[in-house]
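Take a look at the structure set out below.
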Amino acid sequence: MTQVPRGRFITVEGQDGAGKTTNLSVIRDALERSGIPIVQSREPGGTPWGEALRELILNYRDTDIVPTAELLTIFAARAQHIHQVIAPALSAGKWVLCDRFTDATYAYQGGGRGISLDAIALLEHMVQGQLQPDLTLLFDVDIDTGNARAQQRSTADRFESEQASFKQAVRTRYLTIAKQNPQRVKVIDASQPLEQVVREVRSQVNDFIRKVVGE
Ligand code: Z5A
């Protein structure tokens, strides 16, 4: 029986301004040079409905959004994203490169907003089943550097407007996730000059490609 090749799922994570967006093109380039078909996406968002929810999640300021409502909206967008984009691409043998996924929920809604890990895990299981990223690059940078870089770029969204304590809790949770998942999550020291960060990103992605090709 012919086996349909399953694609691989790569995510990038990190607190605001860490350099994810800048490095997505580096990852994309490394994959394309190896002839790997890719689908690039982002969360929250990734589908037309999800992008409409993204706008509400990031920028709705007319009322205080309770953390549970924020959490459920993020998983609603994710359910549609998996159904419409991620799962079909992986089944077709394509690789999916996604700017943020559920690690961000553990970091921002768990670490930042204080929602219990059990509640997040319950929704994760309901929405994703067994689906997990195969490789995650975590761009880690101190809060002040991240803030300074994010400010260069755009006006602050609801998360970027949070206090330093929120951002510190996000960073701490991300680093805990990395410690607990060393095979999957590779931490990139994003405080280094961009050329050095780019070298490390290329090296991690090429190592991963070699590993998959050798399987
Ligand atoms: N969110 C959530 O709460 N829960 C969830 O489950 C999910 C998301 C999925 C949107 O994310 C928000 O959604 C996010 C969490 C929440 N909150 N925030 N904030 P986003 O990824 O779309 O937005 P972002 O994190 O704000 O991304 P960003 O501002 O695009 O930052 P970035 O991608 O990490 O940084 P960048 O744009 O690549 O770089 C920023 C600037 O720094 C830029 O001028 C670069 O040229 C410069 N840069 C980058 N690297 C370097 C180095 N190494 N040296 C010097 N300068 C650099």
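Ligands are numbered from 1 in the order shown, chains are lettered A, B, ... in the order of the structure tokens, and residues start at 1 in each chain.
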
Contacts of chain A with ligand 1 up to 6 Å, shortest pair per row, only C-alpha atoms and all ligand atoms, as CSV:
residue,atom,partner,partner_atom_place_in_ligand_line,distance
A:Gln15,CA,ligand 1,25 (O),5.6
A:Asp16,CA,ligand 1,25 (O),3.6
A:Gly17,CA,ligand 1,31 (O),3.6
A:Ala18,CA,ligand 1,34 (O),3.8
A:Gly19,CA,ligand 1,38 (O),3.2
A:Lys20,CA,ligand 1,33 (O),3.8
A:Thr21,CA,ligand 1,33 (O),3.6
A:Thr22,CA,ligand 1,38 (O),3.6
A:Glu43,CA,ligand 1,9 (C),4.4
A:Pro44,CA,ligand 1,9 (C),4.7
A:Ile74,CA,ligand 1,6 (O),5.9
A:Arg100,CA,ligand 1,9 (C),4.9
A:Phe101,CA,ligand 1,9 (C),4.8
A:Thr102,CA,ligand 1,6 (O),5.3
A:Ala104,CA,ligand 1,6 (O),4.3
A:Thr105,CA,ligand 1,6 (O),3.4
A:Tyr108,CA,ligand 1,3 (O),4.6
A:Gln109,CA,ligand 1,3 (O),5.9
A:Arg149,CA,ligand 1,42 (O),4.1
A:Ala150,CA,ligand 1,40 (C),4.9
A:Gln152,CA,ligand 1,44 (O),5.6
A:Arg153,CA,ligand 1,44 (O),5.3
A:Phe159,CA,ligand 1,19 (N),4.6
A:Glu160,CA,ligand 1,19 (N),4.4
A:Ala190,CA,ligand 1,53 (N),5.3
A:Ser191,CA,ligand 1,53 (N),5.6
A:Gln192,CA,ligand 1,53 (N),5.3
A:Pro193,CA,ligand 1,53 (N),4.5
A:Leu194,CA,ligand 1,53 (N),3.5
A:Val197,CA,ligand 1,53 (N),5.9

Could you give me, as JSON lines, every segment 103-134 of chain A residue with an atom at most 9 Å from segment 80-98 of chain A, plus its closest atom pair and distance in Å to one decimal, counting only C-alpha atoms, rows ordered by chain then number?
{"residue": "A:Val127", "atom": "CA", "partner": "A:Ile82", "partner_atom": "CA", "distance": 8.3}
{"residue": "A:Gln128", "atom": "CA", "partner": "A:Ile82", "partner_atom": "CA", "distance": 7.6}
{"residue": "A:Leu131", "atom": "CA", "partner": "A:Ala87", "partner_atom": "CA", "distance": 8.7}

Residues of the last selection are to be written out with C-alpha atoms, as a short mmCIF file (atom, residue, chain, number, x, y, z; two decimals), in the first residue's frame.
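Okay, out29.cif is ready:
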data_model
loop_
_atom_site.label_atom_id
_atom_site.label_comp_id
_atom_site.auth_asym_id
_atom_site.auth_seq_id
_atom_site.Cartn_x
_atom_site.Cartn_y
_atom_site.Cartn_z
CA VAL A 127 -9.11 20.87 19.66
CA GLN A 128 -5.84 19.22 18.60
CA LEU A 131 -1.41 17.11 16.84
#

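The space separating atom CA of Val212 of chain A from atom CA of Leu135 of chain A comes to 10.9 Å.
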
Just want the 12 Å neighbourhood of His125 of chain A, counted on only C-alpha atoms, with same-chain residues fewer than 5 positions away dropped. Output as number ranges by chain.
A: 75, 79, 102, 118-120, 130-132

Would you output that residue set with all heavy atoms, as a PDB file, in the first residue's frame?
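Writing the result to part.pdb gives the following:
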ATOM      1  N   PHE A  75      -8.815  29.318  21.092  1.00  0.00           N
ATOM      2  CA  PHE A  75      -8.978  27.912  20.689  1.00  0.00           C
ATOM      3  C   PHE A  75     -10.048  27.758  19.600  1.00  0.00           C
ATOM      4  O   PHE A  75      -9.964  26.826  18.790  1.00  0.00           O
ATOM      5  CB  PHE A  75      -9.272  27.021  21.899  1.00  0.00           C
ATOM      6  CG  PHE A  75      -8.020  26.460  22.518  1.00  0.00           C
ATOM      7  CD1 PHE A  75      -7.566  26.900  23.743  1.00  0.00           C
ATOM      8  CD2 PHE A  75      -7.275  25.486  21.852  1.00  0.00           C
ATOM      9  CE1 PHE A  75      -6.397  26.391  24.306  1.00  0.00           C
ATOM     10  CE2 PHE A  75      -6.105  24.965  22.407  1.00  0.00           C
ATOM     11  CZ  PHE A  75      -5.659  25.421  23.638  1.00  0.00           C
ATOM     12  N   ALA A  79      -9.186  25.788  16.241  1.00  0.00           N
ATOM     13  CA  ALA A  79      -9.938  24.627  15.745  1.00  0.00           C
ATOM     14  C   ALA A  79     -10.178  24.772  14.243  1.00  0.00           C
ATOM     15  O   ALA A  79      -9.992  23.833  13.452  1.00  0.00           O
ATOM     16  CB  ALA A  79     -11.265  24.507  16.491  1.00  0.00           C
ATOM     17  N   THR A 102       0.113  26.590  20.181  1.00  0.00           N
ATOM     18  CA  THR A 102      -0.422  26.420  21.550  1.00  0.00           C
ATOM     19  C   THR A 102       0.585  26.738  22.656  1.00  0.00           C
ATOM     20  O   THR A 102       0.188  27.057  23.779  1.00  0.00           O
ATOM     21  CB  THR A 102      -0.991  24.993  21.686  1.00  0.00           C
ATOM     22  OG1 THR A 102      -1.946  24.822  20.628  1.00  0.00           O
ATOM     23  CG2 THR A 102      -1.687  24.773  23.007  1.00  0.00           C
ATOM     24  N   ASP A 118      -4.279  22.948  33.569  1.00  0.00           N
ATOM     25  CA  ASP A 118      -5.252  21.875  33.331  1.00  0.00           C
ATOM     26  C   ASP A 118      -6.353  22.332  32.379  1.00  0.00           C
ATOM     27  O   ASP A 118      -6.780  21.588  31.493  1.00  0.00           O
ATOM     28  CB  ASP A 118      -5.897  21.429  34.646  1.00  0.00           C
ATOM     29  CG  ASP A 118      -4.929  20.614  35.486  1.00  0.00           C
ATOM     30  OD1 ASP A 118      -3.855  20.238  34.955  1.00  0.00           O
ATOM     31  OD2 ASP A 118      -5.246  20.367  36.656  1.00  0.00           O
ATOM     32  N   ALA A 119      -6.812  23.575  32.555  1.00  0.00           N
ATOM     33  CA  ALA A 119      -7.883  24.089  31.682  1.00  0.00           C
ATOM     34  C   ALA A 119      -7.372  24.199  30.249  1.00  0.00           C
ATOM     35  O   ALA A 119      -8.073  23.843  29.289  1.00  0.00           O
ATOM     36  CB  ALA A 119      -8.359  25.450  32.187  1.00  0.00           C
ATOM     37  N   ILE A 120      -6.132  24.676  30.100  1.00  0.00           N
ATOM     38  CA  ILE A 120      -5.571  24.807  28.745  1.00  0.00           C
ATOM     39  C   ILE A 120      -5.373  23.417  28.125  1.00  0.00           C
ATOM     40  O   ILE A 120      -5.706  23.196  26.952  1.00  0.00           O
ATOM     41  CB  ILE A 120      -4.245  25.603  28.783  1.00  0.00           C
ATOM     42  CG1 ILE A 120      -4.508  27.022  29.305  1.00  0.00           C
ATOM     43  CG2 ILE A 120      -3.599  25.650  27.393  1.00  0.00           C
ATOM     44  CD1 ILE A 120      -3.262  27.851  29.560  1.00  0.00           C
ATOM     45  N   GLN A 130      -4.004  14.552  18.902  1.00  0.00           N
ATOM     46  CA  GLN A 130      -2.575  14.235  19.057  1.00  0.00           C
ATOM     47  C   GLN A 130      -1.669  15.255  18.348  1.00  0.00           C
ATOM     48  O   GLN A 130      -0.449  15.117  18.409  1.00  0.00           O
ATOM     49  CB  GLN A 130      -2.286  12.848  18.452  1.00  0.00           C
ATOM     50  CG  GLN A 130      -3.047  11.711  19.106  1.00  0.00           C
ATOM     51  CD  GLN A 130      -2.714  11.602  20.581  1.00  0.00           C
ATOM     52  OE1 GLN A 130      -1.544  11.610  20.958  1.00  0.00           O
ATOM     53  NE2 GLN A 130      -3.752  11.550  21.412  1.00  0.00           N
ATOM     54  N   LEU A 131      -2.254  16.205  17.638  1.00  0.00           N
ATOM     55  CA  LEU A 131      -1.415  17.110  16.837  1.00  0.00           C
ATOM     56  C   LEU A 131      -0.508  17.984  17.717  1.00  0.00           C
ATOM     57  O   LEU A 131      -0.980  18.705  18.591  1.00  0.00           O
ATOM     58  CB  LEU A 131      -2.300  18.028  15.981  1.00  0.00           C
ATOM     59  CG  LEU A 131      -1.541  19.082  15.161  1.00  0.00           C
ATOM     60  CD1 LEU A 131      -0.757  18.429  14.017  1.00  0.00           C
ATOM     61  CD2 LEU A 131      -2.487  20.145  14.621  1.00  0.00           C
ATOM     62  N   GLN A 132       0.790  17.917  17.453  1.00  0.00           N
ATOM     63  CA  GLN A 132       1.785  18.752  18.144  1.00  0.00           C
ATOM     64  C   GLN A 132       2.814  19.181  17.109  1.00  0.00           C
ATOM     65  O   GLN A 132       3.062  18.460  16.143  1.00  0.00           O
ATOM     66  CB  GLN A 132       2.506  17.949  19.235  1.00  0.00           C
ATOM     67  CG  GLN A 132       1.660  17.596  20.442  1.00  0.00           C
ATOM     68  CD  GLN A 132       1.284  18.808  21.283  1.00  0.00           C
ATOM     69  OE1 GLN A 132       1.987  19.815  21.278  1.00  0.00           O
ATOM     70  NE2 GLN A 132       0.152  18.710  21.994  1.00  0.00           N
TER      71      GLN A 132
END

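Nearest to Asp103 of chain A of all the residues A:Ala178, A:Ala52, A:Ile143, A:Ile38 is A:Ala178, counting only C-alpha atoms.
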
For atom CA of Asn23 of chain A and atom CA of Glu195 of chain A, quote the distance in Å rounded to one decimal.
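Taking atom CA of Asn23 of chain A as the start and atom CA of Glu195 of chain A as the end point, the length is 10.5 Å.
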
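If you measure from each of A:Thr73, A:Arg173, A:Val141, A:Tyr60 to Arg158 of chain A using only C-alpha atoms, the closest one turns out to be A:Tyr60.
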
Atom-to-atom span, atom CA of Gly50 of chain A and atom CA of Asp134 of chain A, Å:
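Result for atom CA of Gly50 of chain A versus atom CA of Asp134 of chain A: 22.8 Å, one decimal.
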
Please, which residues of segment 40-139 of chain A, numbered as in this document, come out helix (DSSP H, G or I) from DSSP, as a PyMOL selection string?
chain A and resi 48-59+67-91+102-112+117-128
